[in-house]
>>> print(open('final_27.csv').read())   # CSV, C-alpha atoms and all ligand atoms
chain,number,residue,atom,x,y,z
A,1,MET,CA,0.0,0.0,0.0
A,2,ALA,CA,1.3,3.4,-1.0
A,3,THR,CA,2.2,5.6,1.9
A,4,PRO,CA,0.3,8.9,1.6
A,5,LEU,CA,2.5,12.0,1.1
A,6,LYS,CA,2.9,14.2,4.1
A,7,PRO,CA,1.2,17.6,3.7
A,8,SER,CA,4.5,19.3,3.3
A,9,ALA,CA,5.4,16.9,0.5
A,10,GLN,CA,2.2,17.4,-1.6
A,11,PRO,CA,2.9,18.8,-5.0
A,12,ARG,CA,1.7,22.3,-5.3
A,13,LYS,CA,-0.4,23.4,-8.3
A,14,ALA,CA,1.4,25.9,-10.5
A,15,GLY,CA,0.4,29.4,-9.7
A,16,ALA,CA,-1.2,28.5,-6.4
A,17,SER,CA,0.0,30.7,-3.5
A,18,SER,CA,1.5,29.1,-0.4
A,19,SER,CA,-0.7,29.0,2.6
A,20,ARG,CA,2.3,29.4,4.8
A,21,LYS,CA,2.5,32.8,6.4
A,22,PRO,CA,5.9,34.5,6.3
A,23,THR,CA,7.7,34.2,9.6
A,24,ALA,CA,8.0,37.5,11.5
A,25,ALA,CA,11.5,38.6,12.1
A,26,ARG,CA,12.8,37.3,15.4
A,27,LEU,CA,13.0,39.8,18.2
A,28,ARG,CA,16.4,39.9,19.7
A,29,VAL,CA,16.7,41.1,23.3
A,30,ILE,CA,19.9,42.2,25.1
A,31,LEU,CA,20.1,43.5,28.6
A,32,GLN,CA,23.3,45.3,29.7
A,33,PHE,CA,24.3,46.4,33.2
A,34,LEU,CA,25.9,49.9,32.8
A,35,GLY,CA,26.1,50.7,36.5
A,36,ALA,CA,25.5,49.5,40.0
A,37,ALA,CA,27.9,46.6,39.4
A,38,ARG,CA,30.5,46.0,42.1
A,39,CYS,CA,29.1,49.2,43.7
A,40,VAL,CA,25.6,50.3,44.7
A,41,THR,CA,25.4,53.6,42.7
A,42,GLY,CA,25.1,54.6,39.1
A,43,SER,CA,22.1,52.3,38.5
A,44,LYS,CA,21.5,51.9,34.7
A,45,PHE,CA,20.2,48.9,32.8
A,46,LEU,CA,20.1,49.1,29.0
A,47,LEU,CA,17.4,47.0,27.2
A,48,THR,CA,17.9,46.7,23.5
A,49,LEU,CA,15.2,45.2,21.3
A,50,THR,CA,16.1,44.5,17.7
A,51,GLN,CA,13.6,43.2,15.1
A,52,GLY,CA,14.7,43.2,11.5
A,53,THR,CA,16.1,46.6,10.9
A,54,THR,CA,14.2,48.2,13.8
A,55,ARG,CA,16.1,48.8,17.0
A,56,ARG,CA,14.6,50.2,20.2
A,57,GLN,CA,16.5,51.0,23.4
A,58,VAL,CA,15.1,51.6,26.9
A,59,LEU,CA,17.3,52.7,29.8
A,60,VAL,CA,15.9,51.5,33.2
A,61,ASP,CA,17.2,54.0,35.8
A,62,CYS,CA,19.7,56.6,34.9
A,63,GLY,CA,21.7,57.0,38.1
A,64,LEU,CA,24.8,59.0,39.1
A,65,PHE,CA,27.8,57.2,40.5
A,66,GLN,CA,28.4,58.6,44.0
A,67,GLY,CA,31.0,58.1,46.8
A,68,LEU,CA,34.7,57.6,46.2
A,69,LYS,CA,36.4,59.8,43.6
A,70,GLU,CA,37.1,56.7,41.4
A,71,LEU,CA,33.4,56.1,41.3
A,72,ARG,CA,32.5,59.8,40.7
A,73,LEU,CA,35.0,59.9,37.8
A,74,ARG,CA,32.9,57.2,36.0
A,75,ASN,CA,30.2,59.9,35.5
A,76,ARG,CA,32.6,61.6,33.1
A,77,GLU,CA,33.2,58.5,31.0
A,78,PRO,CA,31.1,58.0,27.9
A,79,LEU,CA,28.3,55.4,28.1
A,80,PRO,CA,28.3,52.5,25.6
A,81,LEU,CA,25.2,54.0,23.9
A,82,VAL,CA,24.2,57.0,21.7
A,83,PRO,CA,21.9,59.1,23.9
A,84,ALA,CA,20.0,60.4,20.9
A,85,GLU,CA,19.1,56.8,19.9
A,86,VAL,CA,17.6,55.8,23.3
A,87,ASP,CA,13.9,55.8,23.0
A,88,ALA,CA,12.9,55.9,26.6
A,89,VAL,CA,14.0,56.0,30.2
A,90,VAL,CA,12.2,54.3,33.0
A,91,LEU,CA,12.8,55.5,36.6
A,92,THR,CA,12.2,53.3,39.6
A,93,HIS,CA,12.6,56.2,42.0
A,94,ALA,CA,14.0,59.6,42.7
A,95,HIS,CA,17.2,58.9,44.6
A,96,ILE,CA,20.1,60.4,42.8
A,97,ASP,CA,21.9,57.1,42.3
A,98,HIS,CA,18.9,56.1,40.2
A,99,CYS,CA,18.0,59.3,38.4
A,100,GLY,CA,20.9,61.8,38.8
A,101,TYR,CA,22.6,61.2,35.4
A,102,LEU,CA,19.5,62.3,33.5
A,103,PRO,CA,20.6,65.9,32.9
A,104,LYS,CA,23.9,64.6,31.5
A,105,LEU,CA,22.0,62.2,29.2
A,106,VAL,CA,19.8,65.0,27.9
A,107,GLN,CA,22.9,67.3,27.6
A,108,ASP,CA,24.4,64.6,25.4
A,109,GLY,CA,21.4,64.4,23.1
A,110,PHE,CA,18.7,62.2,24.6
A,111,ARG,CA,15.2,63.4,23.6
A,112,GLY,CA,13.0,60.4,24.3
A,113,ARG,CA,10.3,59.8,26.9
A,114,ILE,CA,11.0,59.5,30.6
A,115,PHE,CA,8.5,57.3,32.6
A,116,CYS,CA,8.0,57.3,36.3
A,117,THR,CA,5.3,57.4,39.0
A,118,GLU,CA,3.6,60.7,39.8
A,119,PRO,CA,5.4,61.2,43.2
A,120,THR,CA,8.7,60.5,41.5
A,121,ALA,CA,8.0,63.1,38.9
A,122,ASP,CA,7.3,65.6,41.7
A,123,LEU,CA,10.5,64.7,43.5
A,124,LEU,CA,12.6,64.6,40.4
A,125,SER,CA,12.8,68.4,39.8
A,126,ILE,CA,13.8,69.0,43.5
A,127,MET,CA,16.4,66.2,43.5
A,128,LEU,CA,18.0,67.1,40.1
A,129,LEU,CA,18.0,70.9,40.7
A,130,ASP,CA,19.7,70.2,44.1
A,131,SER,CA,22.2,67.9,42.5
A,132,ALA,CA,23.0,70.5,39.8
A,133,LYS,CA,23.4,73.3,42.3
A,134,LEU,CA,25.8,71.2,44.5
A,135,GLN,CA,27.9,70.5,41.4
A,136,GLU,CA,27.9,74.1,40.4
A,137,GLU,CA,29.0,75.2,43.9
A,138,GLU,CA,31.7,72.5,44.0
A,139,ALA,CA,33.1,73.6,40.7
A,140,ASP,CA,33.1,77.3,41.8
A,141,PHE,CA,34.8,76.4,45.0
A,142,ALA,CA,37.5,74.3,43.2
A,143,ASN,CA,38.2,77.2,40.9
A,144,GLU,CA,38.5,79.6,43.8
A,145,ARG,CA,40.9,77.3,45.6
A,146,GLY,CA,42.6,76.0,42.5
A,147,TYR,CA,42.7,72.4,43.6
A,148,SER,CA,41.1,70.8,40.6
A,149,SER,CA,43.3,69.3,37.9
A,150,HIS,CA,40.8,70.7,35.3
A,151,HIS,CA,41.1,74.4,34.4
A,152,PRO,CA,38.5,75.5,34.8
A,153,ALA,CA,36.6,72.9,36.8
A,154,THR,CA,33.1,72.5,35.4
A,155,PRO,CA,30.0,70.8,36.9
A,156,LEU,CA,28.8,67.6,35.2
A,157,TYR,CA,25.6,69.5,34.4
A,158,SER,CA,23.9,72.7,35.4
A,159,GLN,CA,20.5,73.8,36.6
A,160,ALA,CA,19.8,74.8,33.0
A,161,ASP,CA,20.4,71.2,31.9
A,162,VAL,CA,17.8,70.0,34.5
A,163,LEU,CA,15.2,72.3,33.0
A,164,ASN,CA,15.6,70.5,29.7
A,165,VAL,CA,14.9,67.1,31.4
A,166,LEU,CA,11.6,68.0,33.0
A,167,PRO,CA,9.4,68.4,29.8
A,168,LEU,CA,10.3,64.9,28.8
A,169,VAL,CA,8.9,63.3,32.0
A,170,GLU,CA,5.6,61.4,31.8
A,171,SER,CA,4.1,60.2,35.0
A,172,MET,CA,2.1,57.0,35.4
A,173,GLY,CA,0.0,55.5,38.2
A,174,TYR,CA,0.7,52.2,39.9
A,175,ASP,CA,-0.7,49.1,38.3
A,176,ALA,CA,-1.6,51.0,35.2
A,177,PRO,CA,0.4,49.4,32.5
A,178,ILE,CA,1.3,51.1,29.2
A,179,SER,CA,2.2,49.6,25.9
A,180,LEU,CA,5.1,50.8,23.8
A,181,PHE,CA,6.7,50.1,20.4
A,182,ASP,CA,3.5,48.6,18.8
A,183,GLY,CA,3.1,46.2,21.7
A,184,ALA,CA,6.6,44.9,21.7
A,185,LEU,CA,7.1,46.2,25.3
A,186,SER,CA,4.8,46.9,28.2
A,187,LEU,CA,5.7,48.7,31.4
A,188,ASN,CA,3.9,48.5,34.7
A,189,PHE,CA,4.9,50.1,38.0
A,190,ARG,CA,4.2,48.2,41.2
A,191,GLU,CA,4.6,49.6,44.7
A,192,ALA,CA,8.1,49.1,46.2
A,193,GLY,CA,7.9,50.7,49.7
A,194,HIS,CA,11.4,52.2,49.4
A,195,ILE,CA,10.7,56.0,49.2
A,196,LEU,CA,7.8,58.1,48.2
A,197,GLY,CA,6.9,57.2,44.6
A,198,SER,CA,9.3,54.2,44.4
A,199,ALA,CA,8.2,51.4,42.2
A,200,ILE,CA,9.2,48.0,40.9
A,201,ALA,CA,9.4,48.5,37.2
A,202,GLU,CA,7.8,45.4,35.5
A,203,VAL,CA,9.0,45.3,31.9
A,204,THR,CA,7.5,42.7,29.6
A,205,VAL,CA,8.8,42.1,26.1
A,206,GLN,CA,6.6,40.3,23.6
A,207,GLY,CA,8.1,39.0,20.3
A,208,PRO,CA,6.7,36.6,17.7
A,209,GLU,CA,8.5,33.7,19.3
A,210,GLN,CA,9.1,34.7,22.9
A,211,ARG,CA,7.9,36.6,25.9
A,212,LYS,CA,10.2,37.8,28.6
A,213,ARG,CA,9.6,39.7,31.8
A,214,TRP,CA,12.0,41.6,34.1
A,215,CYS,CA,11.3,43.2,37.4
A,216,PHE,CA,13.7,46.1,38.2
A,217,PRO,CA,13.6,46.8,41.9
A,218,ALA,CA,13.7,50.3,43.3
A,219,THR,CA,15.7,49.3,46.4
A,220,TRP,CA,18.8,47.7,45.0
A,221,ALA,CA,20.4,47.1,41.7
A,222,GLY,CA,19.5,43.8,40.2
A,223,ILE,CA,16.8,41.7,38.8
A,224,ILE,CA,14.5,39.7,41.1
A,225,ALA,CA,12.4,37.8,38.6
A,226,PRO,CA,13.1,36.3,35.1
B,301,ZN,ZN,17.0,54.4,46.7
>>> encode(input="final_27.csv", output="structure tokens")
Amino acid sequence: MATPLKPSAQPRKAGASSSRKPTAARLRVILQFLGAARCVTGSKFLLTLTQGTTRRQVLVDCGLFQGLKELRLRNREPLPLVPAEVDAVVLTHAHIDHCGYLPKLVQDGFRGRIFCTEPTADLLSIMLLDSAKLQEEEADFANERGYSSHHPATPLYSQADVLNVLPLVESMGYDAPISLFDGALSLNFREAGHILGSAIAEVTVQGPEQRKRWCFPATWAGIIAP
């Protein structure tokens, strides 16, 4: 008895179109740790989504390195990204080691959207203006006393730079997820209990073949759930 042909082996009629749908381009996801590694400040996680020729980048937290001089000097080093090509920043909370690099990112060309909770948005202007003022005063003092190796000493960013950050901020409620990039990424803030406005940023990436979820905690650098 002849063995029936498998469906895939059936001869196709000339001119008949294939019923097979073209496979959507695979979504490639890369997560990089750009700070808060071997230290607790400078929190920055870069999520890069690539599908076909389209690339999207989201920075979760944009913190300043603080503490010892060798850490603070890292704020002057270029990041392994092009700020103008970053689509969005997600902030877990308003402590400077999680948001204090934002004015520098904007100074260097970032013009994307900044997502955070409403209380974080309120605190952000206070925290960033204070950070800029301290840096301006420190630079002035170093120039007066002449102890800086840079002539003149300059702040990492100014209060004017902070004013360029604030219009980019979009506040969200807790447990009110939003969808970005035609549904490729969704963002939800959950209460974290760290400081006013702090949130666990739940980021879900949905591709044609895979679904991934990360929870970025507000209280420490790291990922608590795959
Ligand atoms: Zn904190």
>>> closest_residue(input="final_27.csv", among="A:Thr54, A:Thr92, A:Asn164, A:Gln66", to="ligand ZN 301 (chain B)", atoms="all atoms listed in the file")
A:Thr92
>>> residues_near_point(input="final_27.csv", point="(29.7, 45.9, 30.3)", cutoff="12 Å", atoms="only C-alpha atoms", output="list in words")
Ile30, Leu31, Gln32, Phe33, Leu34, Gly35, Ala36, Ala37, Arg38, Lys44, Phe45, Leu46, Leu79, Pro80 and Leu81 of chain A
>>> closest_residue(input="final_27.csv", among="A:Asp97, A:Asp122, A:Glu136, A:Asp87", to="ligand ZN 301 (chain B)", atoms="all atoms listed in the file")
A:Asp97
>>> atom_distance(input="final_27.csv", atom1="atom CA of A:His93", atom2="atom CA of A:Thr204")
19.0 Å
>>> closest_residue(input="final_27.csv", among="A:Val205, A:Phe216, A:Glu144, A:Glu70", to="A:Ser43", atoms="only C-alpha atoms")
A:Phe216
>>> atom_distance(input="final_27.csv", atom1="atom CA of A:Gly197", atom2="atom CA of A:Val40")
19.9 Å
>>> decode(input="final_27.csv", residues="stretch 92-141 of chain A", atoms="N, CA and C atoms", output="mmCIF file, in the first residue's frame")
data_model
loop_
_atom_site.group_PDB
_atom_site.id
_atom_site.type_symbol
_atom_site.label_atom_id
_atom_site.label_comp_id
_atom_site.auth_asym_id
_atom_site.auth_seq_id
_atom_site.Cartn_x
_atom_site.Cartn_y
_atom_site.Cartn_z
ATOM 1 N N THR A 92 12.865 54.001 38.492
ATOM 2 C CA THR A 92 12.220 53.287 39.598
ATOM 3 C C THR A 92 11.937 54.220 40.778
ATOM 4 N N HIS A 93 12.808 55.229 40.975
ATOM 5 C CA HIS A 93 12.552 56.194 42.046
ATOM 6 C C HIS A 93 13.512 57.370 41.930
ATOM 7 N N ALA A 94 13.360 58.341 42.828
ATOM 8 C CA ALA A 94 14.020 59.640 42.654
ATOM 9 C C ALA A 94 15.316 59.801 43.442
ATOM 10 N N HIS A 95 15.854 58.746 44.018
ATOM 11 C CA HIS A 95 17.193 58.882 44.619
ATOM 12 C C HIS A 95 18.210 59.144 43.510
ATOM 13 N N ILE A 96 19.195 59.980 43.821
ATOM 14 C CA ILE A 96 20.134 60.441 42.800
ATOM 15 C C ILE A 96 20.917 59.301 42.146
ATOM 16 N N ASP A 97 21.180 58.227 42.901
ATOM 17 C CA ASP A 97 21.917 57.114 42.283
ATOM 18 C C ASP A 97 21.050 56.307 41.317
ATOM 19 N N HIS A 98 19.781 56.720 41.159
ATOM 20 C CA HIS A 98 18.895 56.085 40.173
ATOM 21 C C HIS A 98 18.393 57.064 39.110
ATOM 22 N N CYS A 99 18.536 58.375 39.347
ATOM 23 C CA CYS A 99 18.017 59.338 38.364
ATOM 24 C C CYS A 99 18.992 60.485 38.079
ATOM 25 N N GLY A 100 20.079 60.593 38.847
ATOM 26 C CA GLY A 100 20.923 61.784 38.809
ATOM 27 C C GLY A 100 21.768 61.981 37.575
ATOM 28 N N TYR A 101 21.804 60.999 36.664
ATOM 29 C CA TYR A 101 22.571 61.169 35.430
ATOM 30 C C TYR A 101 21.690 61.729 34.298
ATOM 31 N N LEU A 102 20.381 61.832 34.531
ATOM 32 C CA LEU A 102 19.465 62.264 33.470
ATOM 33 C C LEU A 102 19.858 63.584 32.799
ATOM 34 N N PRO A 103 20.220 64.625 33.575
ATOM 35 C CA PRO A 103 20.587 65.885 32.905
ATOM 36 C C PRO A 103 21.783 65.732 31.968
ATOM 37 N N LYS A 104 22.721 64.866 32.331
ATOM 38 C CA LYS A 104 23.876 64.624 31.467
ATOM 39 C C LYS A 104 23.441 63.887 30.193
ATOM 40 N N LEU A 105 22.522 62.923 30.352
ATOM 41 C CA LEU A 105 22.021 62.178 29.189
ATOM 42 C C LEU A 105 21.319 63.122 28.213
ATOM 43 N N VAL A 106 20.535 64.051 28.755
ATOM 44 C CA VAL A 106 19.833 65.019 27.895
ATOM 45 C C VAL A 106 20.835 65.998 27.284
ATOM 46 N N GLN A 107 21.787 66.428 28.090
ATOM 47 C CA GLN A 107 22.853 67.311 27.575
ATOM 48 C C GLN A 107 23.563 66.660 26.383
ATOM 49 N N ASP A 108 23.700 65.337 26.431
ATOM 50 C CA ASP A 108 24.410 64.609 25.370
ATOM 51 C C ASP A 108 23.509 64.193 24.211
ATOM 52 N N GLY A 109 22.210 64.581 24.253
ATOM 53 C CA GLY A 109 21.381 64.359 23.074
ATOM 54 C C GLY A 109 20.122 63.541 23.261
ATOM 55 N N PHE A 110 19.878 62.996 24.449
ATOM 56 C CA PHE A 110 18.654 62.209 24.648
ATOM 57 C C PHE A 110 17.422 63.109 24.529
ATOM 58 N N ARG A 111 16.436 62.676 23.725
ATOM 59 C CA ARG A 111 15.194 63.437 23.568
ATOM 60 C C ARG A 111 13.969 62.529 23.669
ATOM 61 N N GLY A 112 14.134 61.352 24.246
ATOM 62 C CA GLY A 112 13.032 60.389 24.327
ATOM 63 C C GLY A 112 12.096 60.677 25.475
ATOM 64 N N ARG A 113 11.297 59.674 25.831
ATOM 65 C CA ARG A 113 10.296 59.811 26.884
ATOM 66 C C ARG A 113 10.869 59.270 28.204
ATOM 67 N N ILE A 114 10.494 59.899 29.303
ATOM 68 C CA ILE A 114 10.954 59.467 30.627
ATOM 69 C C ILE A 114 9.716 59.076 31.432
ATOM 70 N N PHE A 115 9.635 57.815 31.827
ATOM 71 C CA PHE A 115 8.470 57.318 32.556
ATOM 72 C C PHE A 115 8.789 57.107 34.032
ATOM 73 N N CYS A 116 7.884 57.533 34.890
ATOM 74 C CA CYS A 116 8.025 57.306 36.332
ATOM 75 C C CYS A 116 6.658 57.490 36.969
ATOM 76 N N THR A 117 6.566 57.223 38.268
ATOM 77 C CA THR A 117 5.286 57.440 38.953
ATOM 78 C C THR A 117 5.096 58.937 39.206
ATOM 79 N N GLU A 118 3.876 59.307 39.566
ATOM 80 C CA GLU A 118 3.583 60.724 39.792
ATOM 81 C C GLU A 118 4.420 61.327 40.932
ATOM 82 N N PRO A 119 4.514 60.648 42.099
ATOM 83 C CA PRO A 119 5.351 61.242 43.167
ATOM 84 C C PRO A 119 6.822 61.349 42.755
ATOM 85 N N THR A 120 7.304 60.372 41.984
ATOM 86 C CA THR A 120 8.694 60.456 41.521
ATOM 87 C C THR A 120 8.875 61.666 40.617
ATOM 88 N N ALA A 121 7.897 61.927 39.759
ATOM 89 C CA ALA A 121 7.979 63.104 38.876
ATOM 90 C C ALA A 121 8.047 64.382 39.715
ATOM 91 N N ASP A 122 7.269 64.426 40.794
ATOM 92 C CA ASP A 122 7.283 65.617 41.658
ATOM 93 C C ASP A 122 8.637 65.784 42.345
ATOM 94 N N LEU A 123 9.192 64.655 42.816
ATOM 95 C CA LEU A 123 10.483 64.714 43.519
ATOM 96 C C LEU A 123 11.645 64.980 42.565
ATOM 97 N N LEU A 124 11.481 64.559 41.321
ATOM 98 C CA LEU A 124 12.595 64.604 40.368
ATOM 99 C C LEU A 124 13.157 66.015 40.194
ATOM 100 N N SER A 125 12.277 67.003 40.039
ATOM 101 C CA SER A 125 12.765 68.362 39.810
ATOM 102 C C SER A 125 13.550 68.854 41.026
ATOM 103 N N ILE A 126 13.058 68.545 42.237
ATOM 104 C CA ILE A 126 13.751 68.978 43.464
ATOM 105 C C ILE A 126 15.129 68.322 43.551
ATOM 106 N N MET A 127 15.155 67.005 43.333
ATOM 107 C CA MET A 127 16.405 66.249 43.482
ATOM 108 C C MET A 127 17.439 66.663 42.434
ATOM 109 N N LEU A 128 16.998 66.805 41.181
ATOM 110 C CA LEU A 128 17.957 67.110 40.113
ATOM 111 C C LEU A 128 18.469 68.549 40.210
ATOM 112 N N LEU A 129 17.579 69.484 40.561
ATOM 113 C CA LEU A 129 18.033 70.880 40.721
ATOM 114 C C LEU A 129 19.027 70.982 41.873
ATOM 115 N N ASP A 130 18.766 70.244 42.940
ATOM 116 C CA ASP A 130 19.675 70.242 44.086
ATOM 117 C C ASP A 130 21.034 69.645 43.687
ATOM 118 N N SER A 131 20.986 68.534 42.938
ATOM 119 C CA SER A 131 22.220 67.886 42.483
ATOM 120 C C SER A 131 23.040 68.839 41.601
ATOM 121 N N ALA A 132 22.354 69.537 40.689
ATOM 122 C CA ALA A 132 23.048 70.473 39.794
ATOM 123 C C ALA A 132 23.649 71.631 40.587
ATOM 124 N N LYS A 133 22.881 72.140 41.559
ATOM 125 C CA LYS A 133 23.371 73.280 42.340
ATOM 126 C C LYS A 133 24.623 72.889 43.141
ATOM 127 N N LEU A 134 24.589 71.699 43.728
ATOM 128 C CA LEU A 134 25.760 71.233 44.476
ATOM 129 C C LEU A 134 26.982 71.123 43.571
ATOM 130 N N GLN A 135 26.766 70.618 42.363
ATOM 131 C CA GLN A 135 27.895 70.471 41.443
ATOM 132 C C GLN A 135 28.430 71.824 40.978
ATOM 133 N N GLU A 136 27.518 72.766 40.752
ATOM 134 C CA GLU A 136 27.946 74.114 40.362
ATOM 135 C C GLU A 136 28.767 74.753 41.477
ATOM 136 N N GLU A 137 28.285 74.609 42.711
ATOM 137 C CA GLU A 137 28.992 75.202 43.853
ATOM 138 C C GLU A 137 30.358 74.544 44.052
ATOM 139 N N GLU A 138 30.408 73.228 43.860
ATOM 140 C CA GLU A 138 31.671 72.510 44.031
ATOM 141 C C GLU A 138 32.680 72.960 42.969
ATOM 142 N N ALA A 139 32.200 73.159 41.736
ATOM 143 C CA ALA A 139 33.097 73.617 40.667
ATOM 144 C C ALA A 139 33.598 75.030 40.958
ATOM 145 N N ASP A 140 32.691 75.905 41.424
ATOM 146 C CA ASP A 140 33.087 77.282 41.768
ATOM 147 C C ASP A 140 34.146 77.272 42.871
ATOM 148 N N PHE A 141 33.908 76.433 43.879
ATOM 149 C CA PHE A 141 34.830 76.358 45.021
ATOM 150 C C PHE A 141 36.204 75.847 44.567
#
